[in-house]
file data.pdb (PDB, C-alpha atoms and all ligand atoms)
ATOM      1  CA  MET A 570     123.949 155.982 -10.489  1.00  0.00           C
ATOM      2  CA  ALA A 571     122.118 153.847 -13.012  1.00  0.00           C
ATOM      3  CA  VAL A 572     124.398 150.870 -12.362  1.00  0.00           C
ATOM      4  CA  ARG A 573     123.794 151.089  -8.644  1.00  0.00           C
ATOM      5  CA  TYR A 574     120.099 151.249  -9.252  1.00  0.00           C
ATOM      6  CA  VAL A 575     120.197 148.120 -11.398  1.00  0.00           C
ATOM      7  CA  ILE A 576     122.230 146.258  -8.785  1.00  0.00           C
ATOM      8  CA  ALA A 577     119.850 147.277  -6.026  1.00  0.00           C
ATOM      9  CA  LEU A 578     116.916 146.168  -8.115  1.00  0.00           C
ATOM     10  CA  SER A 579     118.530 142.797  -8.876  1.00  0.00           C
ATOM     11  CA  VAL A 580     119.205 142.198  -5.204  1.00  0.00           C
ATOM     12  CA  LEU A 581     115.624 143.037  -4.434  1.00  0.00           C
ATOM     13  CA  MET A 582     114.417 140.643  -7.121  1.00  0.00           C
ATOM     14  CA  MET A 583     116.667 137.911  -5.714  1.00  0.00           C
ATOM     15  CA  LEU A 584     115.248 138.462  -2.259  1.00  0.00           C
ATOM     16  CA  LEU A 585     111.713 138.284  -3.564  1.00  0.00           C
ATOM     17  CA  ASN A 586     112.456 135.033  -5.362  1.00  0.00           C
ATOM     18  CA  CYS A 587     114.593 133.313  -2.771  1.00  0.00           C
ATOM     19  CA  ASP A 588     113.615 129.814  -1.743  1.00  0.00           C
ATOM     20  CA  TYR A 589     113.341 130.420   1.935  1.00  0.00           C
ATOM     21  CA  CYS A 590     111.400 133.650   1.702  1.00  0.00           C
ATOM     22  CA  SER A 591     108.190 131.741   1.124  1.00  0.00           C
ATOM     23  CA  THR A 592     108.574 130.173   4.569  1.00  0.00           C
ATOM     24  CA  TYR A 593     108.912 133.542   6.259  1.00  0.00           C
ATOM     25  CA  LYS A 594     105.167 133.861   6.516  1.00  0.00           C
ATOM     26  CA  PRO A 595     104.058 130.407   5.511  1.00  0.00           C
ATOM     27  CA  ASN A 596     100.629 130.208   3.961  1.00  0.00           C
ATOM     28  CA  ILE A 597      98.966 127.678   6.232  1.00  0.00           C
ATOM     29  CA  THR A 598      95.743 127.630   4.247  1.00  0.00           C
ATOM     30  CA  ALA A 599      97.538 126.429   1.111  1.00  0.00           C
ATOM     31  CA  ALA A 600      97.300 122.672   0.590  1.00  0.00           C
ATOM     32  CA  GLY A 601     100.417 120.575   1.069  1.00  0.00           C
ATOM     33  CA  GLY A 602     102.358 122.697   3.543  1.00  0.00           C
ATOM     34  CA  LYS A 603     105.017 121.152   5.750  1.00  0.00           C
ATOM     35  CA  GLY A 604     107.856 121.823   8.134  1.00  0.00           C
ATOM     36  CA  PRO A 605     108.364 123.386  11.546  1.00  0.00           C
ATOM     37  CA  CYS A 606     107.671 126.952  10.407  1.00  0.00           C
ATOM     38  CA  VAL A 607     104.293 125.868   9.045  1.00  0.00           C
ATOM     39  CA  VAL A 608     103.501 123.990  12.245  1.00  0.00           C
ATOM     40  CA  ASP A 609     104.558 126.944  14.402  1.00  0.00           C
ATOM     41  CA  ALA A 610     102.279 129.225  12.403  1.00  0.00           C
ATOM     42  CA  CYS A 611      99.414 126.737  12.873  1.00  0.00           C
ATOM     43  CA  MET A 612     100.080 126.613  16.608  1.00  0.00           C
ATOM     44  CA  THR A 613      99.879 130.411  16.791  1.00  0.00           C
ATOM     45  CA  GLU A 614      96.484 130.321  15.105  1.00  0.00           C
ATOM     46  CA  ILE A 615      94.973 127.492  17.117  1.00  0.00           C
ATOM     47  CA  ALA A 616      96.213 129.090  20.351  1.00  0.00           C
ATOM     48  CA  LYS A 617      93.338 131.527  19.808  1.00  0.00           C
ATOM     49  CA  ILE A 618      90.743 128.761  20.119  1.00  0.00           C
ATOM     50  CA  MET A 619      92.543 126.332  22.453  1.00  0.00           C
ATOM     51  CA  GLN A 620      90.930 127.539  25.679  1.00  0.00           C
ATOM     52  CA  ASN A 621      87.465 127.437  24.164  1.00  0.00           C
ATOM     53  CA  VAL A 622      87.824 124.044  22.482  1.00  0.00           C
ATOM     54  CA  ILE A 623      89.851 122.150  25.096  1.00  0.00           C
ATOM     55  CA  GLY A 624      89.746 124.272  28.222  1.00  0.00           C
ATOM     56  CA  ARG A 625      93.520 124.333  28.616  1.00  0.00           C
ATOM     57  CA  ASP A 626      96.753 124.536  26.693  1.00  0.00           C
ATOM     58  CA  ILE A 627      97.570 121.234  24.979  1.00  0.00           C
ATOM     59  CA  SER A 628      99.849 122.735  22.330  1.00  0.00           C
ATOM     60  CA  THR A 629     102.781 120.462  23.213  1.00  0.00           C
ATOM     61  CA  PHE A 630     100.608 117.383  22.717  1.00  0.00           C
ATOM     62  CA  ILE A 631      99.294 118.742  19.409  1.00  0.00           C
ATOM     63  CA  ARG A 632     102.837 119.431  18.186  1.00  0.00           C
ATOM     64  CA  ARG A 633     103.888 115.930  19.193  1.00  0.00           C
ATOM     65  CA  ILE A 634     100.970 114.394  17.299  1.00  0.00           C
ATOM     66  CA  GLY A 635     101.832 116.450  14.209  1.00  0.00           C
ATOM     67  CA  TYR A 636     105.381 115.104  14.274  1.00  0.00           C
ATOM     68  CA  VAL A 637     104.494 111.524  15.172  1.00  0.00           C
ATOM     69  CA  GLU A 638     101.819 111.341  12.475  1.00  0.00           C
ATOM     70  CA  SER A 639     103.670 112.903   9.543  1.00  0.00           C
ATOM     71  CA  GLN A 640     106.971 114.453  10.642  1.00  0.00           C
ATOM     72  CA  PHE A 641     105.253 117.815  10.286  1.00  0.00           C
ATOM     73  CA  GLY A 642     104.119 116.864   6.789  1.00  0.00           C
ATOM     74  CA  ALA A 643     107.635 116.050   5.584  1.00  0.00           C
ATOM     75  CA  HIS A 644     107.014 112.311   5.506  1.00  0.00           C
ATOM     76  CA  GLY A 645     106.580 111.203   1.914  1.00  0.00           C
ATOM     77  CA  ASN A 646     103.200 109.577   2.581  1.00  0.00           C
ATOM     78  CA  THR A 647     101.593 112.603   4.170  1.00  0.00           C
ATOM     79  CA  TYR A 648      99.852 113.930   1.100  1.00  0.00           C
ATOM     80  CA  ARG A 649      99.302 110.620  -0.640  1.00  0.00           C
ATOM     81  CA  GLU A 650      96.518 110.173  -3.147  1.00  0.00           C
ATOM     82  CA  ASN A 651      92.993 109.740  -1.781  1.00  0.00           C
ATOM     83  CA  TYR A 652      94.068 110.361   1.789  1.00  0.00           C
ATOM     84  CA  HIS A 653      93.434 113.858   3.061  1.00  0.00           C
ATOM     85  CA  GLY A 654      94.334 113.817   6.756  1.00  0.00           C
ATOM     86  CA  GLY A 655      97.185 116.270   6.244  1.00  0.00           C
ATOM     87  CA  ILE A 656      99.894 116.945   8.823  1.00  0.00           C
ATOM     88  CA  TRP A 657      97.781 115.632  11.697  1.00  0.00           C
ATOM     89  CA  GLN A 658      96.615 112.619   9.626  1.00  0.00           C
ATOM     90  CA  LEU A 659      93.083 112.530  10.950  1.00  0.00           C
ATOM     91  CA  ASP A 660      91.080 109.833   9.148  1.00  0.00           C
ATOM     92  CA  GLU A 661      87.782 110.682   7.505  1.00  0.00           C
ATOM     93  CA  ASP A 662      85.779 109.085  10.350  1.00  0.00           C
ATOM     94  CA  GLY A 663      87.655 111.192  12.863  1.00  0.00           C
ATOM     95  CA  PHE A 664      87.149 114.314  10.799  1.00  0.00           C
ATOM     96  CA  LEU A 665      83.382 113.684  10.574  1.00  0.00           C
ATOM     97  CA  GLU A 666      83.292 113.544  14.380  1.00  0.00           C
ATOM     98  CA  THR A 667      84.479 117.169  14.407  1.00  0.00           C
ATOM     99  CA  GLN A 668      81.230 118.107  12.640  1.00  0.00           C
ATOM    100  CA  ALA A 669      78.893 115.821  14.602  1.00  0.00           C
ATOM    101  CA  ILE A 670      77.131 118.551  16.558  1.00  0.00           C
ATOM    102  CA  GLY A 671      74.291 116.133  17.373  1.00  0.00           C
ATOM    103  CA  SER A 672      76.575 113.751  19.268  1.00  0.00           C
ATOM    104  CA  HIS A 673      78.794 116.198  21.168  1.00  0.00           C
ATOM    105  CA  SER A 674      76.985 118.667  23.382  1.00  0.00           C
ATOM    106  CA  TYR A 675      79.522 121.520  23.396  1.00  0.00           C
ATOM    107  CA  LEU A 676      80.600 121.201  19.782  1.00  0.00           C
ATOM    108  CA  GLN A 677      78.198 123.727  18.269  1.00  0.00           C
ATOM    109  CA  GLY A 678      79.433 126.427  20.648  1.00  0.00           C
ATOM    110  CA  LYS A 679      83.029 125.639  19.746  1.00  0.00           C
ATOM    111  CA  LEU A 680      82.271 125.862  16.032  1.00  0.00           C
ATOM    112  CA  ASP A 681      80.552 129.214  16.604  1.00  0.00           C
ATOM    113  CA  PHE A 682      83.660 130.423  18.396  1.00  0.00           C
ATOM    114  CA  ILE A 683      85.892 129.224  15.536  1.00  0.00           C
ATOM    115  CA  LYS A 684      83.725 131.096  13.075  1.00  0.00           C
ATOM    116  CA  THR A 685      83.997 134.391  14.928  1.00  0.00           C
ATOM    117  CA  THR A 686      87.667 133.964  15.874  1.00  0.00           C
ATOM    118  CA  LEU A 687      89.213 132.442  12.742  1.00  0.00           C
ATOM    119  CA  GLY A 688      86.488 133.158  10.204  1.00  0.00           C
ATOM    120  CA  ILE A 689      86.095 129.500   9.284  1.00  0.00           C
ATOM    121  CA  ASP A 690      82.628 127.979   8.931  1.00  0.00           C
ATOM    122  CA  TRP A 691      83.606 124.493  10.075  1.00  0.00           C
ATOM    123  CA  LEU A 692      80.431 122.736   8.964  1.00  0.00           C
ATOM    124  CA  LYS A 693      81.276 123.725   5.381  1.00  0.00           C
ATOM    125  CA  VAL A 694      84.746 122.243   5.604  1.00  0.00           C
ATOM    126  CA  THR A 695      85.455 118.914   3.919  1.00  0.00           C
ATOM    127  CA  TRP A 696      87.949 116.178   4.728  1.00  0.00           C
ATOM    128  CA  GLN A 697      89.837 117.249   1.578  1.00  0.00           C
ATOM    129  CA  ASP A 698      90.464 120.598   3.280  1.00  0.00           C
ATOM    130  CA  MET A 699      92.674 118.796   5.805  1.00  0.00           C
ATOM    131  CA  ARG A 700      95.433 119.057   3.195  1.00  0.00           C
ATOM    132  CA  LYS A 701      95.648 122.650   4.409  1.00  0.00           C
ATOM    133  CA  PRO A 702      97.812 122.663   7.535  1.00  0.00           C
ATOM    134  CA  LEU A 703      95.644 125.055   9.546  1.00  0.00           C
ATOM    135  CA  TYR A 704      92.543 122.966   8.895  1.00  0.00           C
ATOM    136  CA  SER A 705      94.304 119.761   9.853  1.00  0.00           C
ATOM    137  CA  ALA A 706      95.440 121.407  13.110  1.00  0.00           C
ATOM    138  CA  ILE A 707      91.940 122.657  13.936  1.00  0.00           C
ATOM    139  CA  ALA A 708      90.492 119.219  13.195  1.00  0.00           C
ATOM    140  CA  SER A 709      92.915 117.493  15.556  1.00  0.00           C
ATOM    141  CA  LEU A 710      92.047 119.987  18.285  1.00  0.00           C
ATOM    142  CA  LEU A 711      88.297 119.552  17.786  1.00  0.00           C
ATOM    143  CA  TYR A 712      88.677 115.795  17.646  1.00  0.00           C
ATOM    144  CA  LEU A 713      90.521 115.732  20.973  1.00  0.00           C
ATOM    145  CA  GLY A 714      87.960 118.159  22.385  1.00  0.00           C
ATOM    146  CA  ASN A 715      85.238 115.566  21.829  1.00  0.00           C
ATOM    147  CA  ILE A 716      87.010 112.937  23.913  1.00  0.00           C
ATOM    148  CA  SER A 717      86.319 112.855  27.637  1.00  0.00           C
ATOM    149  CA  PRO A 718      89.394 111.206  29.250  1.00  0.00           C
ATOM    150  CA  ILE A 719      91.935 113.760  30.440  1.00  0.00           C
ATOM    151  CA  ILE A 720      95.069 114.064  28.335  1.00  0.00           C
ATOM    152  CA  PRO A 721      98.143 113.139  30.431  1.00  0.00           C
ATOM    153  CA  PRO A 722     100.546 116.005  31.232  1.00  0.00           C
ATOM    154  CA  ASP A 723     103.432 116.794  28.867  1.00  0.00           C
ATOM    155  CA  SER A 724     105.936 115.303  31.320  1.00  0.00           C
ATOM    156  CA  ASP A 725     104.208 111.916  30.974  1.00  0.00           C
ATOM    157  CA  ILE A 726     105.279 111.033  27.443  1.00  0.00           C
ATOM    158  CA  ASN A 727     104.375 107.360  27.841  1.00  0.00           C
ATOM    159  CA  GLY A 728     100.944 108.329  29.078  1.00  0.00           C
ATOM    160  CA  GLN A 729     100.433 110.629  26.103  1.00  0.00           C
ATOM    161  CA  ALA A 730     101.670 107.866  23.793  1.00  0.00           C
ATOM    162  CA  GLN A 731      99.113 105.455  25.215  1.00  0.00           C
ATOM    163  CA  TYR A 732      96.395 108.094  24.977  1.00  0.00           C
ATOM    164  CA  TRP A 733      97.324 108.790  21.365  1.00  0.00           C
ATOM    165  CA  LYS A 734      97.267 105.065  20.560  1.00  0.00           C
ATOM    166  CA  ASP A 735      93.911 104.527  22.297  1.00  0.00           C
ATOM    167  CA  HIS A 736      92.037 107.571  21.059  1.00  0.00           C
ATOM    168  CA  TYR A 737      93.775 109.086  18.052  1.00  0.00           C
ATOM    169  CA  ASN A 738      95.722 106.494  16.120  1.00  0.00           C
ATOM    170  CA  THR A 739      93.320 103.795  17.374  1.00  0.00           C
ATOM    171  CA  GLN A 740      93.358 100.094  16.638  1.00  0.00           C
ATOM    172  CA  SER A 741      92.871 100.718  12.943  1.00  0.00           C
ATOM    173  CA  GLY A 742      96.078 102.780  12.850  1.00  0.00           C
ATOM    174  CA  GLU A 743      99.478 101.187  12.469  1.00  0.00           C
ATOM    175  CA  GLY A 744     101.212 103.313  15.069  1.00  0.00           C
ATOM    176  CA  THR A 745     102.612 101.950  18.300  1.00  0.00           C
ATOM    177  CA  VAL A 746     103.272 103.500  21.681  1.00  0.00           C
ATOM    178  CA  GLN A 747     106.977 103.038  20.984  1.00  0.00           C
ATOM    179  CA  HIS A 748     106.661 104.910  17.688  1.00  0.00           C
ATOM    180  CA  PHE A 749     105.163 107.851  19.550  1.00  0.00           C
ATOM    181  CA  THR A 750     107.791 108.020  22.284  1.00  0.00           C
ATOM    182  CA  ASP A 751     110.674 107.550  19.815  1.00  0.00           C
ATOM    183  CA  ASN A 752     109.416 110.392  17.648  1.00  0.00           C
ATOM    184  CA  VAL A 753     108.844 112.710  20.586  1.00  0.00           C
ATOM    185  CA  GLN A 754     112.438 112.078  21.608  1.00  0.00           C
ATOM    186  CA  LEU A 755     113.603 113.068  18.130  1.00  0.00           C
ATOM    187  CA  LEU A 756     111.300 116.074  18.029  1.00  0.00           C
ATOM    188  CA  GLU A 757     112.392 117.434  21.364  1.00  0.00           C
ATOM    189  CA  GLY A 758     116.031 116.352  21.202  1.00  0.00           C
ATOM    190  CA  PRO A 759     118.921 118.649  20.265  1.00  0.00           C
ATOM    191  CA  ASN A 760     118.536 117.917  16.549  1.00  0.00           C
ATOM    192  CA  GLY A 761     114.781 118.167  16.458  1.00  0.00           C
ATOM    193  CA  PRO A 762     113.134 120.273  13.746  1.00  0.00           C
ATOM    194  CA  LYS A 763     112.979 123.947  14.601  1.00  0.00           C
ATOM    195  CA  CYS A 764     111.880 126.991  12.728  1.00  0.00           C
ATOM    196  CA  HIS A 765     115.072 128.999  13.066  1.00  0.00           C
ATOM    197  CA  ILE A 766     115.628 132.644  12.746  1.00  0.00           C
ATOM    198  CA  ARG A 767     119.283 132.985  11.822  1.00  0.00           C
ATOM    199  CA  ARG A 768     121.061 136.216  12.472  1.00  0.00           C
ATOM    200  CA  LYS A 769     123.360 137.274   9.685  1.00  0.00           C
ATOM    201  CA  SER A 770     126.947 137.187  10.861  1.00  0.00           C
ATOM    202  CA  GLY A 771     128.484 140.579  11.394  1.00  0.00           C
ATOM    203  CA  ILE A 772     125.260 142.294  12.306  1.00  0.00           C
ATOM    204  CA  ARG A 773     125.554 143.133  15.936  1.00  0.00           C
ATOM    205  CA  THR A 774     123.883 146.274  16.890  1.00  0.00           C
ATOM    206  CA  ARG A 775     122.807 147.391  20.290  1.00  0.00           C
ATOM    207  CA  ARG A 776     119.348 147.885  18.901  1.00  0.00           C
ATOM    208  CA  ARG A 777     118.042 144.353  18.859  1.00  0.00           C
ATOM    209  CA  SER A 778     114.907 145.222  16.984  1.00  0.00           C
ATOM    210  CA  HIS A 779     116.997 146.633  14.165  1.00  0.00           C
ATOM    211  CA  ALA A 780     119.110 143.482  13.981  1.00  0.00           C
ATOM    212  CA  ARG A 781     115.982 141.367  14.005  1.00  0.00           C
ATOM    213  CA  ARG A 782     114.744 142.960  10.848  1.00  0.00           C
ATOM    214  CA  GLN A 783     117.822 141.738   8.998  1.00  0.00           C
ATOM    215  CA  ASN A 784     117.406 138.134   9.955  1.00  0.00           C
ATOM    216  CA  ASP A 785     117.495 135.314   7.531  1.00  0.00           C
ATOM    217  CA  PHE A 786     114.861 132.718   7.828  1.00  0.00           C
ATOM    218  CA  PHE A 787     115.106 129.043   7.198  1.00  0.00           C
ATOM    219  CA  PHE A 788     113.961 125.782   8.546  1.00  0.00           C
ATOM    220  CA  SER A 789     115.600 122.451   9.049  1.00  0.00           C
ATOM    221  CA  LEU A 790     114.221 119.007   9.539  1.00  0.00           C
TER     222      LEU A 790
HETATM  223  C1  LIG B 801      97.187 130.961   0.545  1.00  0.00           C
HETATM  224  O1  LIG B 801      96.926 129.931  -0.373  1.00  0.00           O
HETATM  225  C2  LIG B 801      95.585 129.864  -0.796  1.00  0.00           C
HETATM  226  C3  LIG B 801      95.415 128.610  -1.634  1.00  0.00           C
HETATM  227  O2  LIG B 801      96.417 128.500  -2.588  1.00  0.00           O
HETATM  228  C4  LIG B 801      95.228 131.138  -1.533  1.00  0.00           C
HETATM  229  O3  LIG B 801      93.880 131.103  -1.944  1.00  0.00           O
HETATM  230  C5  LIG B 801      95.453 132.326  -0.616  1.00  0.00           C
HETATM  231  O4  LIG B 801      95.225 133.514  -1.306  1.00  0.00           O
HETATM  232  C6  LIG B 801      96.858 132.302  -0.064  1.00  0.00           C
HETATM  233  N1  LIG B 801      96.967 133.327   0.944  1.00  0.00           N
HETATM  234  C7  LIG B 801      97.966 134.201   0.951  1.00  0.00           C
HETATM  235  C8  LIG B 801      97.940 135.195   2.069  1.00  0.00           C
HETATM  236  O5  LIG B 801      98.823 134.225   0.106  1.00  0.00           O
END
call {"tool": "encode", "arguments": {"input": "data.pdb", "output": "structure tokens"}}
result
Amino acid sequence: MAVRYVIALSVLMMLLNCDYCSTYKPNITAAGGKGPCVVDACMTEIAKIMQNVIGRDISTFIRRIGYVESQFGAHGNTYRENYHGGIWQLDEDGFLETQAIGSHSYLQGKLDFIKTTLGIDWLKVTWQDMRKPLYSAIASLLYLGNISPIIPPDSDINGQAQYWKDHYNTQSGEGTVQHFTDNVQLLEGPNGPKCHIRRKSGIRTRRRSHARRQNDFFFSL
């Protein structure tokens, strides 16, 4: 009995310490996060404010920007010293626009909505906070919400690339339209990064929900 107990306890300890467990529910308010599971968790959160901030669902465009800008934070330069744009790599000027309630008529209402929905007082946020994935995602959404031209549809990747170059990366950025379209192809191709839920082999029960609970979790880039 005692031996079994010790084994069970060791297994439990291993599970609690395993590398991939921390990505199961990624902490998207911790600075320095990266990877598709982190981005997916951010997308789930910003979905709650998307309609209010943008008026429609632009989650595909936001995902694309996150990958084009920093490979979902996995690019080695993402969290470089003295640059705090985070996964969505919004420059300080761009970030300050997300707080410029005097220059954008609907912005105050959006920030009020963010406060009640996500509990974040955006006017107290600093550019340094963009190292936290959720904050970087919200900033990119607010930034795009301040711009009047309509974002091209997801099917028009070249159009979105041009829009990104004109309004997001801008002339001061080094990105090119080609860089955007190439990265979107990688992102959405068969080997693109996905937050996988891997079913353990051998577990095949008719009760799907039961099998689900035994899933492993990992991500690949
Ligand atoms: C996420 O990380 C932040 C910063 O490290 C920490 O303050 C917070 O408690 C963490 N949240 C959870 C749910 O672990």
call {"tool": "residues_around", "arguments": {"input": "data.pdb", "residues": "Trp733 in chain A", "least_positions_apart": "4", "cutoff": "8 Å", "atoms": "only C-alpha atoms", "output": "MDAnalysis selection string"}}
result
chainID A and resid 634 729 737:739 746
call {"tool": "atom_distance", "arguments": {"input": "data.pdb", "atom1": "CA of Ile720 in chain A", "atom2": "CA of Gly758 in chain A"}}
result
22.3 Å
call {"tool": "residues_near_ligand", "arguments": {"input": "data.pdb", "ligand": "ligand LIG 801 (chain B)", "cutoff": "10 Å", "atoms": "only C-alpha atoms and all ligand atoms", "output": "list in words"}}
result
Ser591, Lys594, Pro595, Asn596, Ile597, Thr598, Ala599, Ala600, Gly601, Gly602 and Lys701 of chain A
call {"tool": "closest_residue", "arguments": {"input": "data.pdb", "among": "A:Val622, A:Arg632, A:Ile615, A:Leu687", "to": "Glu757 in chain A", "atoms": "all atoms listed in the file"}}
result
A:Arg632
call {"tool": "closest_residue", "arguments": {"input": "data.pdb", "among": "A:Ile670, A:Ile627, A:Met699, A:Cys764", "to": "Asn651 in chain A", "atoms": "all atoms listed in the file"}}
result
A:Met699
call {"tool": "atom_distance", "arguments": {"input": "data.pdb", "atom1": "CA of Gly642 in chain A", "atom2": "CA of Thr685 in chain A"}}
result
27.9 Å
call {"tool": "resolve_selection", "arguments": {"input": "data.pdb", "expression": "the PyMOL selection byres (((chain A and resi 654) around 12) and not hetatm)", "output": "ChimeraX atom specification"}}
result
/A:600-601,635,638-639,642,646-653,655-665,695-709,738
call {"tool": "atom_distance", "arguments": {"input": "data.pdb", "atom1": "CA of Pro759 in chain A", "atom2": "CA of Glu614 in chain A"}}
result
25.8 Å
call {"tool": "axis_aligned_box", "arguments": {"input": "data.pdb", "around": "range 691-695 of chain A", "padding_each_side": "4 Å", "output": "AutoDock Vina command-line options"}}
result
--center_x 82.9 --center_y 121.7 --center_z 7.0 --size_x 13.0 --size_y 13.6 --size_z 14.2
call {"tool": "closest_residue", "arguments": {"input": "data.pdb", "among": "A:His748, A:Lys734, A:His673, A:Lys603", "to": "Gln640 in chain A", "atoms": "only C-alpha atoms"}}
result
A:Lys603
call {"tool": "closest_residue", "arguments": {"input": "data.pdb", "among": "A:Val637, A:Leu692, A:Leu676, A:Ile631", "to": "Asp751 in chain A", "atoms": "only C-alpha atoms"}}
result
A:Val637
call {"tool": "resolve_selection", "arguments": {"input": "data.pdb", "expression": "the PyMOL selection byres (((chain A and resi 604) around 9) and not hetatm)", "output": "MDAnalysis selection string"}}
result
chainID A and resid 602:603 605:609 640:643 762:764 788:790
call {"tool": "closest_residue", "arguments": {"input": "data.pdb", "among": "A:Val753, A:Thr686, A:Leu710, A:Ser717", "to": "Ala730 in chain A", "atoms": "all atoms listed in the file"}}
result
A:Val753
call {"tool": "closest_residue", "arguments": {"input": "data.pdb", "among": "A:His644, A:Leu756, A:Ser674, A:Ile689", "to": "Thr629 in chain A", "atoms": "all atoms listed in the file"}}
result
A:Leu756
